[in-house]
>>> print(open('my_file.csv').read())   # CSV, C-alpha atoms and all ligand atoms
chain,number,residue,atom,x,y,z
A,24,MET,CA,4.9,33.8,-44.8
A,25,ASN,CA,2.8,31.2,-46.5
A,26,ARG,CA,3.0,28.0,-44.7
A,27,ARG,CA,0.6,26.9,-42.1
A,28,ARG,CA,1.5,23.2,-41.7
A,29,ALA,CA,4.7,22.3,-40.1
A,30,GLU,CA,6.6,20.9,-43.0
A,31,LEU,CA,7.9,17.5,-42.4
A,32,PRO,CA,11.2,17.2,-44.3
A,33,TRP,CA,11.1,13.4,-44.4
A,34,PRO,CA,8.6,10.8,-45.5
A,35,ALA,CA,5.9,10.1,-42.9
A,36,ALA,CA,6.2,6.9,-40.9
A,37,VAL,CA,2.9,5.1,-40.1
A,38,ASP,CA,1.6,6.6,-37.0
A,39,VAL,CA,-0.5,4.8,-34.4
A,40,VAL,CA,-2.8,7.0,-32.4
A,41,ALA,CA,-1.8,5.9,-28.9
A,42,ARG,CA,-4.9,5.1,-26.9
A,43,GLU,CA,-5.5,3.2,-23.8
A,44,SER,CA,-8.7,1.7,-22.5
A,45,ASP,CA,-8.8,4.4,-19.8
A,46,GLY,CA,-8.0,7.4,-22.0
A,47,TRP,CA,-5.8,9.1,-24.4
A,48,VAL,CA,-2.0,8.9,-24.4
A,49,PRO,CA,-0.2,11.8,-25.9
A,50,VAL,CA,1.8,11.2,-29.1
A,51,PRO,CA,5.2,12.9,-28.7
A,52,PHE,CA,6.3,15.7,-31.0
A,53,HIS,CA,8.7,14.8,-33.8
A,54,SER,CA,8.8,18.2,-35.5
A,55,PHE,CA,9.6,21.6,-34.1
A,56,VAL,CA,8.9,25.0,-35.7
A,57,LEU,CA,11.2,27.7,-34.6
A,58,LYS,CA,10.2,31.3,-35.3
A,59,VAL,CA,13.7,32.6,-35.7
A,60,HIS,CA,12.4,36.0,-36.9
A,61,SER,CA,9.0,37.5,-36.3
A,62,ARG,CA,8.8,40.0,-39.2
A,63,CYS,CA,8.6,39.7,-43.0
A,64,ASP,CA,9.9,41.7,-45.9
A,65,LEU,CA,6.8,40.9,-48.0
A,66,ALA,CA,3.3,41.9,-47.2
A,67,CYS,CA,1.2,39.1,-48.8
A,68,GLN,CA,-2.5,39.8,-48.8
A,69,TYR,CA,-3.5,36.4,-47.4
A,70,CYS,CA,-0.8,36.2,-44.7
A,71,TYR,CA,-2.2,34.7,-41.5
A,72,MET,CA,0.6,36.2,-39.4
A,73,TYR,CA,0.2,39.9,-40.3
A,74,ARG,CA,-3.3,40.1,-41.8
A,75,SER,CA,-5.4,38.1,-39.4
A,76,HIS,CA,-7.4,39.2,-36.3
A,77,ASP,CA,-4.5,38.3,-34.1
A,78,SER,CA,-1.8,41.0,-33.9
A,79,THR,CA,0.1,39.5,-31.0
A,80,TRP,CA,3.1,39.2,-33.3
A,81,ARG,CA,3.7,42.9,-32.7
A,82,ALA,CA,4.7,42.1,-29.1
A,83,GLN,CA,7.2,39.5,-30.2
A,84,PRO,CA,10.9,40.4,-30.4
A,85,ARG,CA,12.1,40.5,-33.9
A,86,THR,CA,14.7,37.7,-33.5
A,87,MET,CA,15.1,34.7,-31.3
A,88,GLU,CA,17.9,35.5,-28.9
A,89,PRO,CA,20.8,33.0,-28.5
A,90,ASP,CA,19.7,32.0,-24.9
A,91,ILE,CA,16.2,31.2,-26.2
A,92,VAL,CA,17.7,29.2,-29.1
A,93,ASP,CA,19.9,27.3,-26.6
A,94,ARG,CA,17.0,26.6,-24.2
A,95,THR,CA,14.8,25.5,-27.1
A,96,ALA,CA,17.5,23.1,-28.4
A,97,ALA,CA,17.9,21.7,-24.9
A,98,ARG,CA,14.1,21.2,-24.6
A,99,ILE,CA,14.0,19.4,-28.0
A,100,ALA,CA,16.8,17.1,-26.9
A,101,GLU,CA,15.0,16.5,-23.6
A,102,HIS,CA,11.8,15.6,-25.4
A,103,LEU,CA,13.4,13.3,-28.0
A,104,ALA,CA,15.4,11.5,-25.3
A,105,ALA,CA,12.4,11.1,-23.1
A,106,HIS,CA,10.5,9.4,-25.9
A,107,ASP,CA,13.4,7.5,-27.4
A,108,ILE,CA,13.0,9.3,-30.7
A,109,HIS,CA,16.1,9.2,-32.9
A,110,GLU,CA,14.8,11.0,-36.0
A,111,ALA,CA,13.2,14.4,-35.9
A,112,GLY,CA,12.8,17.7,-37.8
A,113,VAL,CA,13.2,21.4,-37.1
A,114,VAL,CA,11.8,24.0,-39.4
A,115,LEU,CA,13.3,27.5,-39.2
A,116,HIS,CA,10.3,29.7,-39.8
A,117,GLY,CA,9.1,33.3,-39.4
A,118,GLY,CA,8.0,35.8,-40.5
A,119,GLU,CA,10.9,35.5,-42.9
A,120,PRO,CA,13.7,33.4,-41.3
A,121,LEU,CA,16.4,34.8,-43.6
A,122,LEU,CA,15.9,38.2,-42.0
A,123,ALA,CA,17.6,36.7,-38.9
A,124,GLY,CA,20.9,36.9,-40.7
A,125,GLU,CA,23.5,34.3,-41.6
A,126,ALA,CA,25.4,34.3,-38.3
A,127,ALA,CA,22.2,33.8,-36.3
A,128,LEU,CA,20.9,30.9,-38.5
A,129,ALA,CA,24.3,29.2,-38.5
A,130,ARG,CA,24.5,29.5,-34.7
A,131,THR,CA,20.9,28.1,-34.4
A,132,ALA,CA,21.7,25.1,-36.6
A,133,THR,CA,24.9,24.4,-34.7
A,134,ALA,CA,23.2,24.7,-31.3
A,135,LEU,CA,20.4,22.3,-32.4
A,136,ARG,CA,22.7,19.6,-33.7
A,137,ALA,CA,25.0,19.9,-30.7
A,138,ALA,CA,22.0,19.5,-28.3
A,139,VAL,CA,20.5,16.4,-29.9
A,140,GLY,CA,23.8,14.8,-30.4
A,141,SER,CA,25.0,12.4,-33.0
A,142,GLY,CA,22.6,9.6,-32.0
A,143,THR,CA,19.7,11.6,-33.5
A,144,ARG,CA,19.1,12.2,-37.1
A,145,LEU,CA,18.0,15.8,-37.2
A,146,HIS,CA,16.4,17.1,-40.4
A,147,LEU,CA,16.7,20.9,-40.6
A,148,ALA,CA,14.5,22.8,-43.0
A,149,LEU,CA,13.8,26.4,-43.7
A,150,GLN,CA,10.5,27.9,-45.0
A,151,SER,CA,11.2,31.1,-47.0
A,152,ASN,CA,9.5,33.6,-49.2
A,153,GLY,CA,12.7,33.3,-51.3
A,154,ALA,CA,13.1,37.1,-51.8
A,155,ARG,CA,16.5,37.2,-50.1
A,156,LEU,CA,17.8,33.8,-51.1
A,157,THR,CA,21.2,34.4,-52.6
A,158,GLU,CA,24.1,32.1,-53.5
A,159,SER,CA,25.8,33.1,-50.3
A,160,TRP,CA,22.8,32.0,-48.4
A,161,LEU,CA,22.7,28.7,-50.2
A,162,ASP,CA,26.3,28.1,-49.4
A,163,LEU,CA,25.6,28.6,-45.7
A,164,LEU,CA,22.5,26.5,-45.7
A,165,GLY,CA,24.3,23.8,-47.6
A,166,GLU,CA,27.1,23.9,-45.0
A,167,HIS,CA,24.6,23.3,-42.2
A,168,GLY,CA,22.5,20.7,-44.2
A,169,ILE,CA,19.3,22.9,-44.1
A,170,ARG,CA,16.8,22.1,-46.9
A,171,ILE,CA,14.7,24.9,-48.3
A,172,SER,CA,11.0,25.3,-49.2
A,173,VAL,CA,10.0,28.4,-51.1
A,174,SER,CA,6.5,30.0,-51.4
A,175,LEU,CA,5.6,30.7,-55.0
A,176,ASP,CA,2.0,30.9,-56.3
A,177,GLY,CA,2.7,30.4,-60.0
A,178,ASP,CA,3.8,32.7,-62.8
A,179,ARG,CA,4.2,36.5,-62.4
A,180,ALA,CA,0.5,37.3,-62.7
A,181,ALA,CA,-0.6,34.5,-60.4
A,182,ASN,CA,2.1,35.1,-57.8
A,183,ASP,CA,1.9,38.8,-57.7
A,184,ARG,CA,-1.8,38.9,-57.0
A,185,HIS,CA,-1.0,38.5,-53.4
A,186,ARG,CA,2.8,38.1,-52.9
A,187,ARG,CA,3.9,41.7,-52.9
A,188,THR,CA,6.0,44.1,-50.8
A,189,ALA,CA,4.5,46.6,-48.5
A,190,SER,CA,4.8,49.2,-51.3
A,191,GLY,CA,2.9,47.0,-53.7
A,192,ARG,CA,5.8,45.7,-55.8
A,193,GLY,CA,5.4,42.1,-57.0
A,194,SER,CA,7.9,39.5,-55.7
A,195,HIS,CA,7.8,37.0,-58.5
A,196,ASP,CA,10.9,38.1,-60.5
A,197,ARG,CA,13.1,38.1,-57.5
A,198,VAL,CA,11.8,34.9,-56.1
A,199,ALA,CA,11.8,33.1,-59.4
A,200,ALA,CA,15.5,34.0,-60.0
A,201,ALA,CA,16.4,32.7,-56.5
A,202,VAL,CA,14.5,29.5,-57.0
A,203,ARG,CA,16.2,29.0,-60.4
A,204,THR,CA,19.6,29.4,-58.6
A,205,LEU,CA,18.5,26.8,-56.1
A,206,ALA,CA,17.1,24.5,-58.7
A,207,ASP,CA,19.8,24.7,-61.3
A,208,GLY,CA,22.9,25.2,-59.3
A,209,PRO,CA,25.1,23.0,-57.1
A,210,HIS,CA,22.7,23.2,-54.2
A,211,HIS,CA,19.8,21.5,-55.9
A,212,ALA,CA,19.8,18.8,-53.2
A,213,LEU,CA,18.7,21.4,-50.7
A,214,PHE,CA,15.6,22.1,-52.7
A,215,ALA,CA,12.7,20.7,-50.6
A,216,GLY,CA,9.8,22.1,-52.7
A,217,LEU,CA,7.4,24.9,-53.6
A,218,LEU,CA,4.4,25.9,-51.6
A,219,CYS,CA,1.6,27.4,-53.6
A,220,THR,CA,-1.6,28.9,-52.2
A,221,VAL,CA,-4.6,28.3,-54.4
A,222,ASP,CA,-6.3,31.3,-56.0
A,223,LEU,CA,-9.4,30.4,-58.0
A,224,ARG,CA,-8.6,33.2,-60.5
A,225,ASN,CA,-5.4,31.4,-61.5
A,226,ASP,CA,-5.6,28.7,-64.1
A,227,PRO,CA,-4.7,25.5,-62.2
A,228,VAL,CA,-2.9,23.7,-65.0
A,229,ARG,CA,-1.0,26.8,-66.0
A,230,CYS,CA,0.0,27.3,-62.4
A,231,TYR,CA,1.1,23.7,-61.9
A,232,GLU,CA,3.1,23.8,-65.2
A,233,HIS,CA,4.8,27.0,-64.3
A,234,LEU,CA,5.9,25.5,-61.0
A,235,LEU,CA,7.2,22.4,-62.8
A,236,THR,CA,9.6,24.6,-64.7
A,237,TYR,CA,11.7,24.9,-61.5
A,238,ARG,CA,12.0,21.1,-61.3
A,239,PRO,CA,10.8,21.0,-57.6
A,240,PRO,CA,10.9,17.7,-55.9
A,241,MET,CA,7.6,18.5,-54.3
A,242,VAL,CA,4.7,21.0,-54.8
A,243,ASP,CA,2.2,21.6,-52.0
A,244,PHE,CA,-1.0,23.3,-52.9
A,245,LEU,CA,-2.5,25.1,-49.9
A,246,LEU,CA,-6.1,26.0,-49.6
A,247,PRO,CA,-6.5,29.6,-48.4
A,248,LEU,CA,-7.1,30.0,-44.7
A,249,GLY,CA,-10.7,30.6,-43.7
A,250,ASN,CA,-13.5,29.4,-41.5
A,251,TRP,CA,-17.3,29.6,-41.1
A,252,HIS,CA,-17.0,33.1,-39.8
A,253,THR,CA,-14.5,34.4,-42.4
A,254,PRO,CA,-14.9,32.1,-45.4
A,255,PRO,CA,-12.2,31.6,-47.9
A,256,PRO,CA,-12.6,33.5,-51.2
A,257,GLY,CA,-15.3,32.0,-53.4
A,258,LEU,CA,-17.0,30.1,-50.4
A,259,HIS,CA,-19.5,32.8,-49.4
A,260,SER,CA,-22.9,31.6,-48.2
A,261,GLY,CA,-25.3,30.8,-51.1
A,262,ARG,CA,-22.4,29.8,-53.3
A,263,ILE,CA,-23.0,27.1,-55.8
A,264,GLY,CA,-20.6,24.3,-56.7
A,265,THR,CA,-17.2,23.2,-55.4
A,266,PRO,CA,-14.7,25.6,-56.9
A,267,TYR,CA,-11.7,24.4,-54.9
A,268,ALA,CA,-12.4,20.7,-55.7
A,269,ASP,CA,-12.7,21.7,-59.4
A,270,TRP,CA,-9.4,23.5,-59.3
A,271,LEU,CA,-7.5,20.7,-57.6
A,272,TRP,CA,-9.2,18.1,-59.8
A,273,ARG,CA,-7.7,19.7,-62.9
A,274,VAL,CA,-4.3,19.7,-61.2
A,275,PHE,CA,-4.9,16.0,-60.3
A,276,HIS,CA,-5.7,15.2,-63.9
A,277,ARG,CA,-2.6,16.9,-65.2
A,278,TRP,CA,-0.3,15.4,-62.5
A,279,TYR,CA,-1.7,11.9,-62.2
A,280,GLY,CA,-2.2,11.6,-66.0
A,281,ALA,CA,1.4,12.5,-66.9
A,282,PRO,CA,3.3,9.8,-68.7
A,283,SER,CA,6.0,9.8,-66.0
A,284,ARG,CA,6.1,11.3,-62.5
A,285,GLU,CA,7.2,15.0,-62.8
A,286,THR,CA,7.1,15.9,-59.1
A,287,ARG,CA,5.3,15.0,-55.9
A,288,VAL,CA,2.1,16.9,-55.2
A,289,ARG,CA,1.7,16.5,-51.5
A,290,LEU,CA,-1.9,17.2,-50.9
A,291,LEU,CA,-3.0,14.9,-53.7
A,292,GLU,CA,-0.5,12.2,-52.7
A,293,ASP,CA,-1.8,12.4,-49.1
A,294,LEU,CA,-5.4,12.0,-50.4
A,295,MET,CA,-4.4,8.9,-52.4
A,296,ILE,CA,-2.4,7.4,-49.5
A,297,LEU,CA,-5.5,7.9,-47.2
A,298,LEU,CA,-7.8,6.2,-49.8
A,299,LEU,CA,-5.4,3.3,-49.9
A,300,GLY,CA,-5.4,3.1,-46.1
A,301,GLY,CA,-2.0,4.6,-45.4
A,302,ALA,CA,-0.8,7.5,-43.2
A,303,PRO,CA,-0.6,11.0,-44.7
A,304,GLU,CA,2.4,13.4,-44.4
A,305,THR,CA,0.5,16.4,-43.1
A,306,GLU,CA,-2.7,17.0,-41.2
A,307,ALA,CA,-4.5,18.7,-44.0
A,308,LEU,CA,-6.5,15.5,-44.4
A,309,GLY,CA,-7.0,12.4,-42.3
A,310,LEU,CA,-7.0,11.8,-38.6
A,311,ARG,CA,-3.3,11.7,-37.9
A,312,PRO,CA,-2.5,13.4,-34.5
A,313,VAL,CA,-0.7,16.7,-34.7
A,314,ARG,CA,3.0,16.1,-33.9
A,315,TYR,CA,4.7,19.5,-34.2
A,316,ALA,CA,5.2,22.2,-31.7
A,317,VAL,CA,5.9,25.9,-32.3
A,318,VAL,CA,8.3,28.1,-30.4
A,319,GLU,CA,7.9,31.9,-30.9
A,320,THR,CA,10.9,34.3,-31.0
A,321,ASP,CA,10.4,35.1,-27.3
A,322,GLY,CA,10.4,31.4,-26.3
A,323,SER,CA,6.7,31.1,-25.9
A,324,LEU,CA,5.4,27.6,-26.7
A,325,SER,CA,2.6,27.9,-29.1
A,326,GLN,CA,0.1,25.9,-31.2
A,327,ASP,CA,-0.1,26.0,-34.9
A,328,ASP,CA,-0.1,29.7,-35.6
A,329,THR,CA,-2.7,29.4,-38.4
A,330,LEU,CA,-5.1,29.4,-35.5
A,331,ARG,CA,-4.6,33.1,-35.4
A,332,THR,CA,-7.1,33.3,-38.2
A,333,ALA,CA,-9.8,32.0,-35.8
A,334,TYR,CA,-9.6,34.5,-33.0
A,335,THR,CA,-7.0,36.5,-31.1
A,336,GLY,CA,-4.9,34.4,-28.9
A,337,ALA,CA,-6.1,31.1,-30.3
A,338,ALA,CA,-2.6,29.8,-30.7
A,339,ARG,CA,-1.3,30.9,-27.3
A,340,THR,CA,-0.7,28.3,-24.6
A,341,GLY,CA,0.8,30.4,-21.7
A,342,LEU,CA,3.8,28.0,-21.7
A,343,HIS,CA,7.4,29.1,-22.2
A,344,VAL,CA,10.5,27.2,-23.1
A,345,ARG,CA,12.3,28.4,-20.0
A,346,ARG,CA,9.7,27.0,-17.6
A,347,HIS,CA,7.9,24.3,-19.4
A,348,SER,CA,8.8,21.1,-21.3
A,349,PHE,CA,7.4,20.0,-24.6
A,350,ASP,CA,5.7,17.2,-22.6
A,351,MET,CA,3.7,19.9,-20.8
A,352,LEU,CA,2.7,21.4,-24.2
A,353,LEU,CA,1.5,17.9,-25.3
A,354,ARG,CA,-1.0,18.0,-22.4
A,355,HIS,CA,-2.3,21.5,-23.3
A,356,PRO,CA,-6.0,21.0,-24.2
A,357,GLY,CA,-5.6,22.7,-27.6
A,358,VAL,CA,-2.8,20.3,-28.6
A,359,ALA,CA,-4.6,17.3,-27.0
A,360,ALA,CA,-7.8,18.1,-29.0
A,361,ARG,CA,-5.7,17.8,-32.2
A,362,GLN,CA,-4.4,14.4,-31.2
A,363,TRP,CA,-7.8,12.8,-30.5
A,364,GLY,CA,-8.4,11.8,-34.1
A,365,VAL,CA,-11.9,10.6,-34.7
A,366,ALA,CA,-12.9,11.5,-31.1
A,367,ALA,CA,-12.5,15.2,-31.9
A,368,LEU,CA,-14.8,15.2,-34.8
A,369,CYS,CA,-18.3,16.8,-34.8
A,370,GLU,CA,-21.4,14.7,-35.2
A,371,THR,CA,-21.8,15.7,-38.9
A,372,CYS,CA,-18.3,14.4,-39.7
A,373,LEU,CA,-18.8,11.3,-37.6
A,374,ASP,CA,-21.9,10.5,-39.7
A,375,CYS,CA,-20.0,11.2,-42.9
A,376,VAL,CA,-18.6,8.1,-44.7
A,377,LEU,CA,-15.6,10.0,-45.9
A,378,HIS,CA,-14.3,11.0,-42.4
A,379,PRO,CA,-11.5,8.4,-42.3
A,380,VAL,CA,-10.0,10.1,-45.4
A,381,CYS,CA,-11.1,13.7,-44.9
A,382,GLY,CA,-10.7,13.8,-41.2
A,383,GLY,CA,-12.8,17.0,-41.1
A,384,GLY,CA,-10.1,18.7,-43.1
A,385,HIS,CA,-7.6,21.0,-41.6
A,386,TYR,CA,-8.4,21.9,-38.0
A,387,VAL,CA,-8.3,25.6,-38.5
A,388,ASN,CA,-10.9,25.5,-41.3
A,389,ARG,CA,-13.5,24.1,-38.9
A,390,TYR,CA,-13.9,27.2,-36.7
A,391,ARG,CA,-17.2,28.8,-36.0
A,392,PRO,CA,-17.6,31.4,-33.2
A,393,ALA,CA,-20.6,29.6,-31.6
A,394,SER,CA,-19.2,26.1,-31.6
A,395,GLY,CA,-15.4,26.5,-31.8
A,396,PHE,CA,-13.7,23.7,-33.8
A,397,ALA,CA,-16.5,21.1,-33.5
A,398,ASN,CA,-17.7,21.6,-37.0
A,399,PRO,CA,-17.1,20.2,-40.5
A,400,SER,CA,-14.6,22.0,-42.5
A,401,VAL,CA,-15.6,25.2,-44.3
A,402,TYR,CA,-14.3,23.3,-47.3
A,403,CYS,CA,-16.6,20.3,-46.6
A,404,ALA,CA,-18.4,20.2,-50.0
A,405,ASP,CA,-15.1,20.7,-51.8
A,406,LEU,CA,-13.3,18.1,-49.8
A,407,ALA,CA,-16.1,15.6,-50.4
A,408,ALA,CA,-16.2,16.3,-54.1
A,409,LEU,CA,-12.4,15.9,-54.5
A,410,ILE,CA,-12.2,12.7,-52.4
A,411,LEU,CA,-15.0,11.1,-54.4
A,412,ARG,CA,-13.5,12.1,-57.8
A,413,VAL,CA,-10.0,10.8,-56.9
A,414,ARG,CA,-11.5,7.7,-55.4
A,415,GLY,CA,-13.5,7.2,-58.6
A,416,ARG,CA,-10.4,7.5,-60.7
A,417,LEU,CA,-8.3,5.1,-58.6
A,418,THR,CA,-11.2,2.6,-58.6
A,419,ALA,CA,-11.5,2.8,-62.3
A,420,ASP,CA,-7.7,2.3,-62.7
A,421,ILE,CA,-7.8,-0.7,-60.4
A,422,GLU,CA,-10.7,-2.2,-62.3
A,423,GLY,CA,-8.9,-1.6,-65.5
A,424,LEU,CA,-5.9,-3.4,-64.2
A,425,ARG,CA,-8.0,-6.3,-63.1
A,426,ALA,CA,-9.8,-6.5,-66.5
A,427,ALA,CA,-6.4,-6.5,-68.3
A,428,ARG,CA,-5.1,-9.5,-66.3
B,1,LIG,S1,-16.5,15.7,-46.0
B,1,LIG,FE1,-17.3,17.2,-44.6
B,1,LIG,S2,-18.7,16.1,-43.2
B,1,LIG,FE2,-17.3,14.6,-44.3
B,1,LIG,S3,-15.6,14.4,-42.8
B,1,LIG,FE3,-15.0,16.0,-44.3
B,1,LIG,S4,-15.6,17.9,-43.4
B,1,LIG,FE4,-16.7,16.3,-42.3
>>> encode(input="my_file.csv", output="structure tokens")
Amino acid sequence: MNRRRAELPWPAAVDVVARESDGWVPVPFHSFVLKVHSRCDLACQYCYMYRSHDSTWRAQPRTMEPDIVDRTAARIAEHLAAHDIHEAGVVLHGGEPLLAGEAALARTATALRAAVGSGTRLHLALQSNGARLTESWLDLLGEHGIRISVSLDGDRAANDRHRRTASGRGSHDRVAAAVRTLADGPHHALFAGLLCTVDLRNDPVRCYEHLLTYRPPMVDFLLPLGNWHTPPPGLHSGRIGTPYADWLWRVFHRWYGAPSRETRVRLLEDLMILLLGGAPETEALGLRPVRYAVVETDGSLSQDDTLRTAYTGAARTGLHVRRHSFDMLLRHPGVAARQWGVAALCETCLDCVLHPVCGGGHYVNRYRPASGFANPSVYCADLAALILRVRGRLTADIEGLRAAR
């Protein structure tokens, strides 16, 4: 599994952080991540599920049973109705969700749509490693209107550094063939995008150009998970420079400088949107409140499971879909802290002029054992460098336009 953000399968609306003079008002969820299968058929080296401190996944049932699916669907419907929300998303996630099997996923999609009813536009999406994606699967996903994002880290050499089976076999060839079937066949409209985890050893432009060959509507570059206790590769103490900013800046140049738009690059688009005062699509940057909930295969209500990389049990809430509503999850302190926006930032970030854009970076990257999540991002220097470079480029372009008038 590759994805840590809940993927929002539709453009972000402008959010208003609901606040009242006497306190914080929870912002309802509009996206729900369902762990329909808790195991994976790949053993990627950076996987936050199976390679982090937290091994609580071992206690999870492999698949989400029909009664948990039905209860979850009812809870989602209850939450949307209570908050008068008529458009929402559900991401079928794992582990590897295709391991749940065609019948189970078809039943899940049907149950979800039946529960929310025809008055709600429900966007269904699936996040897959792509290794099992066949035409038969595409037919079924098409039948249920489920869009697909696939994790792929670049060409064979780049992808197979990490994305291998338990026996060490690379996954690139299988996944590339599946993505080509998706991209070039009759189901192209289901193609939501590619997710690529940055590895500093991979050439950024070559990586981006390889991904472009699949004609993805969107590419999302993910920074490797890490925190101040367990830094991401290349960010050890005493390091010099901003290697992740340099990597992404080269992608920016290639993407932004293209004569016509080749694809969306979500992280860079979010950065530009924030610089222009808009609302980003994900919570990797900015101060937008977290608006997605996670349901484990056993029905536990959970926080973003990338928190597993901080410490064991960090994502747990003690709530369960049988006994608790999503409104109760909204009031969990861990979820609330991720809706506070600027009020949740540490002093260093509050003093930083870039915080309205950076937002302290992704929450999970702020963790330090002594102070929890009240820290700048472990990517602080890289985020600042990237923001300043992109801001400089946009400013220069705007000045160029003015001068040309
Ligand atoms: S650049 Fe660093 S200090 Fe500034 S808001 Fe981001 S993480 Fe915080």
>>> closest_residue(input="my_file.csv", among="A:Arg425, A:Arg136, A:Arg170, A:Arg412", to="A:Trp272", atoms="all atoms listed in the file")
A:Arg412
>>> residues_near_ligand(input="my_file.csv", ligand="ligand LIG 1 (chain B)", cutoff="7 Å", atoms="all atoms listed in the file", output="number ranges by chain")
A: 371-373, 375-378, 381-384, 399-400, 402-404, 406-407
>>> write_last_selection(input="my_file.csv", atoms="C-alpha atoms", output="PDB file, in the coordinates of the input")
ATOM      1  CA  THR A 371     -21.800  15.700 -38.900  1.00  0.00           C
ATOM      2  CA  CYS A 372     -18.300  14.400 -39.700  1.00  0.00           C
ATOM      3  CA  LEU A 373     -18.800  11.300 -37.600  1.00  0.00           C
ATOM      4  CA  CYS A 375     -20.000  11.200 -42.900  1.00  0.00           C
ATOM      5  CA  VAL A 376     -18.600   8.100 -44.700  1.00  0.00           C
ATOM      6  CA  LEU A 377     -15.600  10.000 -45.900  1.00  0.00           C
ATOM      7  CA  HIS A 378     -14.300  11.000 -42.400  1.00  0.00           C
ATOM      8  CA  CYS A 381     -11.100  13.700 -44.900  1.00  0.00           C
ATOM      9  CA  GLY A 382     -10.700  13.800 -41.200  1.00  0.00           C
ATOM     10  CA  GLY A 383     -12.800  17.000 -41.100  1.00  0.00           C
ATOM     11  CA  GLY A 384     -10.100  18.700 -43.100  1.00  0.00           C
ATOM     12  CA  PRO A 399     -17.100  20.200 -40.500  1.00  0.00           C
ATOM     13  CA  SER A 400     -14.600  22.000 -42.500  1.00  0.00           C
ATOM     14  CA  TYR A 402     -14.300  23.300 -47.300  1.00  0.00           C
ATOM     15  CA  CYS A 403     -16.600  20.300 -46.600  1.00  0.00           C
ATOM     16  CA  ALA A 404     -18.400  20.200 -50.000  1.00  0.00           C
ATOM     17  CA  LEU A 406     -13.300  18.100 -49.800  1.00  0.00           C
ATOM     18  CA  ALA A 407     -16.100  15.600 -50.400  1.00  0.00           C
TER      19      ALA A 407
END
>>> closest_residue(input="my_file.csv", among="A:Asp243, A:His252, A:Ala338, A:Cys67", to="A:Ala393", atoms="all atoms listed in the file")
A:His252
>>> residues_around(input="my_file.csv", residues="A:Leu246", least_positions_apart="5", cutoff="9 Å", atoms="only C-alpha atoms", output="number ranges by chain")
A: 219-222, 255, 267, 402
>>> atom_distance(input="my_file.csv", atom1="atom CA of A:Cys63", atom2="atom CA of A:Ala200")
19.2 Å
>>> build_atoms(input="my_file.csv", residues="stretch 132-143 of chain A", atoms="N, CA and C atoms", output="short mmCIF file (atom, residue, chain, number, x, y, z; two decimals), in the frame of the given file")
data_model
loop_
_atom_site.label_atom_id
_atom_site.label_comp_id
_atom_site.auth_asym_id
_atom_site.auth_seq_id
_atom_site.Cartn_x
_atom_site.Cartn_y
_atom_site.Cartn_z
N ALA A 132 21.54 26.47 -36.10
CA ALA A 132 21.70 25.10 -36.60
C ALA A 132 22.74 24.35 -35.78
N THR A 133 23.83 25.02 -35.47
CA THR A 133 24.90 24.40 -34.70
C THR A 133 24.40 24.00 -33.30
N ALA A 134 23.67 24.92 -32.68
CA ALA A 134 23.20 24.70 -31.30
C ALA A 134 22.20 23.49 -31.32
N LEU A 135 21.35 23.41 -32.33
CA LEU A 135 20.40 22.30 -32.40
C LEU A 135 21.06 20.97 -32.56
N ARG A 136 22.01 20.92 -33.48
CA ARG A 136 22.70 19.60 -33.70
C ARG A 136 23.51 19.22 -32.50
N ALA A 137 24.15 20.21 -31.86
CA ALA A 137 25.00 19.90 -30.70
C ALA A 137 24.06 19.35 -29.56
N ALA A 138 22.89 19.96 -29.40
CA ALA A 138 22.00 19.50 -28.30
C ALA A 138 21.47 18.14 -28.47
N VAL A 139 21.06 17.79 -29.69
CA VAL A 139 20.50 16.40 -29.90
C VAL A 139 21.52 15.36 -29.96
N GLY A 140 22.73 15.75 -30.35
CA GLY A 140 23.80 14.80 -30.40
C GLY A 140 23.80 13.92 -31.64
N SER A 141 24.86 13.14 -31.77
CA SER A 141 25.00 12.40 -33.00
C SER A 141 24.12 11.16 -33.09
N GLY A 142 23.49 10.80 -31.99
CA GLY A 142 22.60 9.60 -32.00
C GLY A 142 21.24 9.92 -32.59
N THR A 143 20.97 11.19 -32.90
CA THR A 143 19.70 11.60 -33.50
C THR A 143 19.83 12.16 -34.83
#
